[in-house]
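Asks: Quick one: structure below, then a few questions.
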Amino acid sequence: MTTTSTKQVPRLDEMTRSELIQYLKDTVKPEEGMIPSYIFSHPKVYELEMEKIFLKDWLFVAHKSEIPNIGDFVTREMGGQSVIVTHGADGEIHVLLNVCTHRGMKLCRMDNGNQKNFTCPYHGFNFKNTGDLIGIPFQKVVYGETMDKSKMGLKEIRHDVYADLIFATLNSEAVSLEEFLGDIKWYLDLAFNRAEMEVVGLPQKWNVDGTWKLGSDNTISDSYHTLVSHGSIAKLGLVPTGDYSKYGYQIYTGNGHGLNLGMPNPDGFAFPESLIDEYKERLNEDQYDILKQMKNMIVCVSPNIMILISSMDLKGQKISHTSLRIWKPTGPDSMEISSWMLVEKNATEEWKRLSEQAFTLTFGASGIFEQDDTENFTDITQNSKSPYHLHENIVFNYTMGMHQEPVEDFVGPGIVYKDKFNEANSRAFFRNWLDQITAE
Amino acid sequence: MHEDIILQHEIEQWLYKESELLDQLNFDGWYELLSEEISYTMPLRINQMEKSKPDYSEATLLFDDDSTTLKLRIDRMKTDMAWAELPPSRTRRNVSNVKIKEVSENEVAVHSNLLLYRSRSTDTTADLISGERKDVLRKENGDWKLVSRWFLADQTSLGTRNLAIFV
């Protein structure tokens, strides 16, 4: 005797677009703390993300200090598209599509440099660092009078700057950067407006077989994992044991952005004391008060930015470091991590040196905090690829802290929970994500 | 000439021994080979226009260690929570093109190539870390000790999930 199961495996590949969107709406239930596993690696979900998030949102491309002089440039990627971020001859910042307007060749293949012009390696079309097309080999001969160079400049990508962070968007209809960032700006000030900040060198880059979403999820909400994932650090005595990562606030500021603020700092002020006047001048009183008490701050700017301020004792000195990274998707189940280290420009050389060393030791590609996270990202992504997960609709439990109520007595903006062991921010992140990818 | 060949042999054997200790996860044994003054750095490889310019940045370091921080990394590995290497990667260090660049009374500067094969867990694809080493070895109490290591990888974006290993 044979039994026939009536249960159908959901075939996402065969669904129409609207069926897929409906399926996502039916299965992803952020408010109930139910996030299905398949969304962490399914190619059809990834396609929607690329189109509805990475081609639509504001994305981080560079920090202003990376291109201080006229002619300076860096190449970056957004939504799988290479762009050149230049400090143009006109003194302005330009974000230019790194695509020759003649035949689509990648114009610049360098990570950074200083150039007046970019010459296409294919036919030699020559563009200024403002994007204007200024030269075509044998123009008169090959085009006569038919070529209007003014219509063939590099495509300029819409961009704007907040706290020296250059954001760009491939979406001409996007809301303003101000509106997109909203209340997270108050906290970005703490990271990048507290003093004049500068990037050290260039970003480190490395590749992980894990989905970008796990990076953002881990950033926005998950202080809880530090107990176990980073348990080795407590065992070495670099951080106190047990619930050290619990104290502080979890804050959601809207549009998928939020943070975890670790405070108070039992060891005292974690920033260079010589810059207190600069901090006070640039921050308002409430912000400075938070800075004074801050132990660490982990910020997620949706979709894929992580900003980290961390402090530790290194060689008998209290030292903090500040970094920014992007979890750049390179496929449904893979990402490239790019990580920028920043320091206060006016700090002493000794302080900068120790801050850099603290960052490299803990959160760079070799970082002793960092490296354990990639095991989680890799294995979760691998597990989620099994058809069994889709078949049985295996869901991850995101209900932590659902019994908690937000507090009203915190000075900064946002929906604020006391203590950081909570998954409220993840629920809000995935609600925002779902709304974005299911938008018609 | 005879002395050169002996020195070349001695230094090569030292590098092979070092690789063996690391591949066998004998980190304490490896630490014994390091001078207290060890400087262990890894600059960032970058894509640069000018051919004359070095195509790396010392401003960004992927390792920036001394004997204190290297000890910390090793001690971490001994906790049962160093997940990045649980189970440990299988590594195979291939050291080649060993060139002694400078010799003084008790120091040698030696350049070599490193091809590091890394297999993680059940992965069937392997990570390859290839690059150049510039080391300085010093004779301390009759033994060669590593005073500085400078490692430059050939990839600008590393094809490995982390640097939970030594180079």
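By order in the structure tokens, chains are A, B, ...; within a chain, residues start at 1; ligands start at 1, following the order shown.
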From the DSSP assignment of the backbone, select every residue of stretch 68-147 of chain B that is strand (DSSP E), and format the answer as an MDAnalysis selection string.
Replies: chainID B and resid 90:103 107:119 127:140 143:147
Asks: Once you count only C-alpha atoms, what closest atom pair and distance in Å to one decimal does each residue of chain A within 10 Å of chain B have, with rows by chain and rising residue number, as a Markdown table?
Replies:
| residue | atom | partner | partner_atom | distance |
| --- | --- | --- | --- | --- |
| A:Cys108 | CA | B:Met49 | CA | 9.4 |
| A:Arg109 | CA | B:Asn47 | CA | 7.4 |
| A:Met110 | CA | B:Asn47 | CA | 4.8 |
| A:Asp111 | CA | B:Asn47 | CA | 5.1 |
| A:Asn112 | CA | B:Gln48 | CA | 6.7 |
| A:Gly113 | CA | B:Gln48 | CA | 7.0 |
| A:Asn114 | CA | B:Met49 | CA | 9.2 |
| A:Gln115 | CA | B:Met49 | CA | 9.6 |
| A:Val199 | CA | B:Thr60 | CA | 9.8 |
| A:Val200 | CA | B:Ala59 | CA | 6.2 |
| A:Gly201 | CA | B:Ala59 | CA | 4.7 |
| A:Leu202 | CA | B:Thr60 | CA | 6.2 |
| A:Pro203 | CA | B:Thr60 | CA | 7.4 |
| A:Gln204 | CA | B:Leu44 | CA | 6.9 |
| A:Lys205 | CA | B:Ser157 | CA | 4.7 |
| A:Trp206 | CA | B:Leu158 | CA | 4.4 |
| A:Asn207 | CA | B:Gly159 | CA | 5.4 |
| A:Val208 | CA | B:Arg161 | CA | 4.7 |
| A:Asp209 | CA | B:Arg161 | CA | 7.5 |
| A:Gly210 | CA | B:Arg161 | CA | 9.4 |
| A:Val228 | CA | B:Met81 | CA | 7.4 |
| A:Ser229 | CA | B:Trp83 | CA | 7.1 |
| A:His230 | CA | B:Met81 | CA | 7.3 |
| A:Gly231 | CA | B:Met81 | CA | 5.9 |
| A:Ser232 | CA | B:Met81 | CA | 5.0 |
| A:Ile233 | CA | B:Arg76 | CA | 7.1 |
| A:Ala234 | CA | B:Arg76 | CA | 9.8 |
| A:Lys235 | CA | B:Thr79 | CA | 7.2 |
| A:Leu236 | CA | B:Arg76 | CA | 6.8 |
| A:Leu238 | CA | B:Leu72 | CA | 9.7 |
| A:Leu314 | CA | B:Thr69 | CA | 9.2 |
| A:Lys315 | CA | B:Thr68 | CA | 8.4 |
| A:Met335 | CA | B:Arg161 | CA | 9.9 |
| A:Glu336 | CA | B:Ser157 | CA | 8.0 |
| A:Ile337 | CA | B:Ser157 | CA | 8.9 |
| A:Ser338 | CA | B:Ser157 | CA | 8.7 |
| A:Trp340 | CA | B:Thr60 | CA | 9.1 |
| A:Met341 | CA | B:Thr60 | CA | 8.4 |
| A:Glu356 | CA | B:Asp64 | CA | 8.6 |
| A:Gln357 | CA | B:Asp64 | CA | 6.1 |
| A:Ala358 | CA | B:Asp64 | CA | 9.0 |
| A:Phe359 | CA | B:Asp64 | CA | 9.5 |
| A:Thr360 | CA | B:Leu62 | CA | 6.3 |
| A:Leu361 | CA | B:Asp64 | CA | 7.1 |
| A:Phe363 | CA | B:Leu62 | CA | 9.9 |
| A:Gly364 | CA | B:Leu62 | CA | 6.5 |
| A:Ala365 | CA | B:Asn162 | CA | 5.2 |
| A:Ser366 | CA | B:Leu163 | CA | 4.2 |
| A:Gly367 | CA | B:Leu163 | CA | 7.6 |
| A:Ile368 | CA | B:Arg73 | CA | 7.2 |
| A:Phe369 | CA | B:Ala82 | CA | 9.4 |
| A:Glu370 | CA | B:Asn162 | CA | 8.0 |
| A:Gln371 | CA | B:Asn162 | CA | 5.5 |
| A:Asp372 | CA | B:Ala84 | CA | 4.6 |
| A:Asp373 | CA | B:Ala84 | CA | 7.8 |
| A:Thr374 | CA | B:Arg161 | CA | 6.4 |
| A:Glu375 | CA | B:Ala84 | CA | 5.9 |
| A:Asn376 | CA | B:Trp83 | CA | 8.9 |
| A:Phe377 | CA | B:Arg161 | CA | 10.0 |
| A:Thr378 | CA | B:Arg161 | CA | 8.7 |
Asks: For stretch 45-158 of chain B versus stretch 14-34 of chain B, which residues have an atom no more than 9 Å away, and what is each residue's nearest atom pair and distance in Å rounded to one decimal, using only C-alpha atoms, chain-then-number order, as a tab-separated table?
Replies:
residue	atom	partner	partner_atom	distance
B:Ser67	CA	B:Leu34	CA	7.8
B:Leu70	CA	B:Tyr31	CA	8.2
B:Lys71	CA	B:Tyr31	CA	7.7
B:Ile74	CA	B:Phe27	CA	6.4
B:Met77	CA	B:Phe27	CA	8.8
B:Pro88	CA	B:Leu25	CA	8.3
B:Arg90	CA	B:Asp23	CA	7.2
B:Thr91	CA	B:Asp23	CA	5.4
B:Arg92	CA	B:Asp23	CA	5.9
B:Arg93	CA	B:Ser19	CA	5.8
B:Asn94	CA	B:Ser19	CA	7.8
B:Val95	CA	B:Tyr16	CA	7.1
B:Val98	CA	B:Leu15	CA	9.0
B:Leu137	CA	B:Leu34	CA	9.0
B:Asp143	CA	B:Leu33	CA	8.4
B:Trp144	CA	B:Leu33	CA	7.4
B:Lys145	CA	B:Leu34	CA	5.1
B:Leu146	CA	B:Leu34	CA	4.7
B:Val147	CA	B:Leu34	CA	6.6
B:Ser148	CA	B:Leu34	CA	8.7
Asks: Could you save the residues just selected, with C-alpha atoms, as a PDB file, in the first residue's frame?
Replies:
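Result file is out.pdb:
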ATOM      1  CA  SER B  67      54.432  39.259  21.344  1.00  0.00           C
ATOM      2  CA  LEU B  70      50.157  37.048  19.474  1.00  0.00           C
ATOM      3  CA  LYS B  71      50.088  35.381  22.889  1.00  0.00           C
ATOM      4  CA  ILE B  74      47.197  31.697  20.978  1.00  0.00           C
ATOM      5  CA  MET B  77      42.695  29.248  20.608  1.00  0.00           C
ATOM      6  CA  PRO B  88      40.505  23.550  13.291  1.00  0.00           C
ATOM      7  CA  ARG B  90      43.434  21.869   7.888  1.00  0.00           C
ATOM      8  CA  THR B  91      46.246  24.038   6.670  1.00  0.00           C
ATOM      9  CA  ARG B  92      49.218  23.243   4.474  1.00  0.00           C
ATOM     10  CA  ARG B  93      51.899  25.890   4.241  1.00  0.00           C
ATOM     11  CA  ASN B  94      54.110  25.676   1.201  1.00  0.00           C
ATOM     12  CA  VAL B  95      57.139  27.903   1.551  1.00  0.00           C
ATOM     13  CA  VAL B  98      63.656  31.349  -0.102  1.00  0.00           C
ATOM     14  CA  LEU B 137      65.589  36.233  11.906  1.00  0.00           C
ATOM     15  CA  ASP B 143      68.742  29.757  18.120  1.00  0.00           C
ATOM     16  CA  TRP B 144      67.191  31.639  15.241  1.00  0.00           C
ATOM     17  CA  LYS B 145      64.181  33.687  16.406  1.00  0.00           C
ATOM     18  CA  LEU B 146      61.705  35.573  14.262  1.00  0.00           C
ATOM     19  CA  VAL B 147      62.094  39.297  14.903  1.00  0.00           C
ATOM     20  CA  SER B 148      59.729  40.528  12.214  1.00  0.00           C
TER      21      SER B 148
END
Asks: For A:Ile67, please output as an MDAnalysis selection string all residues within 9 Å (counting only C-alpha atoms; exclusion window: fewer than 4 positions along the same chain).
Replies: chainID A and resid 62:63 71:74 85:87 93 112:114
Asks: With N, CA, C and O atoms retained, could you export that selection as a PDB file, in the first residue's frame?
Replies:
ATOM      1  N   ALA A  62      31.477  56.039   0.415  1.00  0.00           N
ATOM      2  CA  ALA A  62      32.811  56.476   0.862  1.00  0.00           C
ATOM      3  C   ALA A  62      32.685  57.482   1.995  1.00  0.00           C
ATOM      4  O   ALA A  62      31.620  58.073   2.213  1.00  0.00           O
ATOM      5  N   HIS A  63      33.791  57.678   2.711  1.00  0.00           N
ATOM      6  CA  HIS A  63      33.879  58.746   3.707  1.00  0.00           C
ATOM      7  C   HIS A  63      34.650  59.898   3.068  1.00  0.00           C
ATOM      8  O   HIS A  63      35.613  59.669   2.324  1.00  0.00           O
ATOM      9  N   GLY A  71      40.937  65.685  -7.418  1.00  0.00           N
ATOM     10  CA  GLY A  71      41.512  64.602  -8.222  1.00  0.00           C
ATOM     11  C   GLY A  71      41.493  63.256  -7.511  1.00  0.00           C
ATOM     12  O   GLY A  71      41.616  62.208  -8.152  1.00  0.00           O
ATOM     13  N   ASP A  72      41.332  63.262  -6.182  1.00  0.00           N
ATOM     14  CA  ASP A  72      41.287  61.989  -5.456  1.00  0.00           C
ATOM     15  C   ASP A  72      40.036  61.198  -5.861  1.00  0.00           C
ATOM     16  O   ASP A  72      38.969  61.778  -6.078  1.00  0.00           O
ATOM     17  N   PHE A  73      40.202  59.898  -5.929  1.00  0.00           N
ATOM     18  CA  PHE A  73      39.025  59.075  -6.204  1.00  0.00           C
ATOM     19  C   PHE A  73      39.159  57.717  -5.513  1.00  0.00           C
ATOM     20  O   PHE A  73      40.267  57.280  -5.173  1.00  0.00           O
ATOM     21  N   VAL A  74      38.018  57.076  -5.308  1.00  0.00           N
ATOM     22  CA  VAL A  74      37.977  55.664  -4.902  1.00  0.00           C
ATOM     23  C   VAL A  74      36.921  54.975  -5.762  1.00  0.00           C
ATOM     24  O   VAL A  74      35.974  55.621  -6.210  1.00  0.00           O
ATOM     25  N   VAL A  85      33.911  57.354  -7.058  1.00  0.00           N
ATOM     26  CA  VAL A  85      33.603  58.509  -6.213  1.00  0.00           C
ATOM     27  C   VAL A  85      34.787  59.450  -6.330  1.00  0.00           C
ATOM     28  O   VAL A  85      35.905  59.093  -5.957  1.00  0.00           O
ATOM     29  N   THR A  86      34.555  60.630  -6.897  1.00  0.00           N
ATOM     30  CA  THR A  86      35.675  61.540  -7.167  1.00  0.00           C
ATOM     31  C   THR A  86      35.530  62.860  -6.416  1.00  0.00           C
ATOM     32  O   THR A  86      34.421  63.293  -6.083  1.00  0.00           O
ATOM     33  N   HIS A  87      36.676  63.475  -6.150  1.00  0.00           N
ATOM     34  CA  HIS A  87      36.720  64.876  -5.733  1.00  0.00           C
ATOM     35  C   HIS A  87      37.105  65.629  -7.004  1.00  0.00           C
ATOM     36  O   HIS A  87      38.273  65.686  -7.375  1.00  0.00           O
ATOM     37  N   ILE A  93      32.021  66.705  -4.954  1.00  0.00           N
ATOM     38  CA  ILE A  93      32.055  65.246  -4.959  1.00  0.00           C
ATOM     39  C   ILE A  93      31.154  64.749  -6.087  1.00  0.00           C
ATOM     40  O   ILE A  93      30.048  65.263  -6.283  1.00  0.00           O
ATOM     41  N   ASN A 112      41.918  53.155  -5.768  1.00  0.00           N
ATOM     42  CA  ASN A 112      41.967  54.582  -5.410  1.00  0.00           C
ATOM     43  C   ASN A 112      43.088  55.239  -6.196  1.00  0.00           C
ATOM     44  O   ASN A 112      43.825  54.572  -6.928  1.00  0.00           O
ATOM     45  N   GLY A 113      43.202  56.543  -6.052  1.00  0.00           N
ATOM     46  CA  GLY A 113      44.272  57.263  -6.726  1.00  0.00           C
ATOM     47  C   GLY A 113      43.934  58.727  -6.838  1.00  0.00           C
ATOM     48  O   GLY A 113      43.014  59.231  -6.160  1.00  0.00           O
ATOM     49  N   ASN A 114      44.695  59.420  -7.671  1.00  0.00           N
ATOM     50  CA  ASN A 114      44.427  60.833  -7.947  1.00  0.00           C
ATOM     51  C   ASN A 114      44.615  61.038  -9.437  1.00  0.00           C
ATOM     52  O   ASN A 114      45.701  60.834  -9.975  1.00  0.00           O
TER      53      ASN A 114
END
Asks: Rounded to one decimal place, report the atom CA of A:Ile136-atom CA of A:Ile70 distance in Å.
Replies: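 For atom CA of A:Ile136 relative to atom CA of A:Ile70, the distance reads 23.8 Å.
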Asks: Find the residue from A:Trp351, A:Tyr398, A:Phe429, A:Phe118 that sits nearest to A:Glu32; use only C-alpha atoms when measuring.
Replies: A:Tyr398
Asks: List every residue of stretch 62-147 of chain B that DSSP, applied to the backbone of this structure, assigns to helix (DSSP H, G or I), and report them as a list in words.
Replies: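 So the helix (DSSP H, G or I) residues in stretch 62-147 of chain B would be Ser67, Thr68, Thr69, Leu70, Lys71, Leu72, Arg73, Ile74, Asp75, Arg76, Met77, Lys78, Trp83, Ala84 and Glu85 of chain B.
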Asks: Considering only C-alpha atoms, return as a PyMOL selection string whatever protein or nucleic-acid residues lie within 10 Å of stretch 49-60 of chain A, sequence-local ones (same chain, fewer than 2 positions apart) excluded.
Replies: chain A and resi 43-47+62-63+76-81+158-161+165-177+180-181+301-305+324-326+328-329+331-332+433-440
Asks: Take the residues that were just selected and, keeping C-alpha atoms, output them as a compact mmCIF listing (two decimals), in the first residue's frame.
Replies:
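result35.txt, written as the output of this step:
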# COMPACT_ATOMS: atom_id res chain seq x y z
CA PRO A 43 17.84 32.98 -5.19
CA LYS A 44 14.32 34.25 -5.90
CA VAL A 45 14.31 36.20 -2.66
CA TYR A 46 17.75 37.56 -3.51
CA GLU A 47 16.49 38.76 -6.91
CA ALA A 62 32.81 56.48 0.86
CA HIS A 63 33.88 58.75 3.71
CA ARG A 76 33.17 51.31 -4.91
CA GLU A 77 30.21 49.08 -5.64
CA MET A 78 26.52 49.61 -5.09
CA GLY A 79 23.87 47.12 -6.11
CA GLY A 80 26.46 45.12 -8.06
CA GLN A 81 27.37 48.27 -9.98
CA ARG A 158 22.43 60.82 -7.08
CA HIS A 159 24.34 61.34 -3.85
CA ASP A 160 24.35 63.29 -0.62
CA VAL A 161 26.48 63.53 2.50
CA LEU A 165 29.50 59.79 4.99
CA ILE A 166 28.85 59.86 1.25
CA PHE A 167 25.71 57.97 0.34
CA ALA A 168 24.44 57.36 -3.16
CA THR A 169 21.27 55.87 -4.60
CA LEU A 170 20.50 54.34 -7.98
CA ASN A 171 16.88 55.41 -7.46
CA SER A 172 16.08 58.86 -8.80
CA GLU A 173 12.76 58.79 -6.92
CA ALA A 174 14.24 57.97 -3.52
CA VAL A 175 13.30 60.24 -0.60
CA SER A 176 16.04 62.63 0.51
CA LEU A 177 18.99 61.19 2.44
CA PHE A 180 15.90 58.14 4.70
CA LEU A 181 18.23 58.36 7.71
CA VAL A 301 21.90 51.63 8.86
CA SER A 302 19.64 49.63 6.59
CA PRO A 303 20.14 47.80 4.45
CA ASN A 304 23.75 46.78 5.06
CA ILE A 305 25.91 49.17 7.07
CA LEU A 324 32.23 51.22 9.56
CA ARG A 325 31.57 48.24 7.39
CA ILE A 326 29.23 47.09 4.70
CA LYS A 328 27.95 43.68 0.49
CA PRO A 329 25.83 40.97 -1.10
CA GLY A 331 25.00 36.34 -4.23
CA PRO A 332 22.02 34.72 -2.45
CA TRP A 433 12.70 44.38 4.72
CA LEU A 434 9.43 42.56 3.98
CA ASP A 435 7.60 45.79 3.19
CA GLN A 436 10.39 46.75 0.82
CA ILE A 437 10.64 43.52 -1.13
CA THR A 438 6.88 43.00 -1.36
CA ALA A 439 6.15 46.56 -2.46
CA GLU A 440 4.44 46.63 -5.85
Asks: Just the residues within 10 Å of A:Ala347, please, counting only C-alpha atoms, with nothing from its chain fewer than 4 positions along; format it as number ranges by chain.
Replies: A: 195-197, 271-275, 343, 351-353
Asks: Interatomic distance between atom CA of A:Gly248 and atom CA of A:Gln293?
Replies: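 Interatomic distance, atom CA of A:Gly248 to atom CA of A:Gln293: 9.9 Å.
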Asks: Between atom CA of B:Asn97 and atom CA of B:Ile6, what is the spacing in Å?
Replies: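 For atom CA of B:Ile6 relative to atom CA of B:Asn97, the distance reads 16.3 Å.
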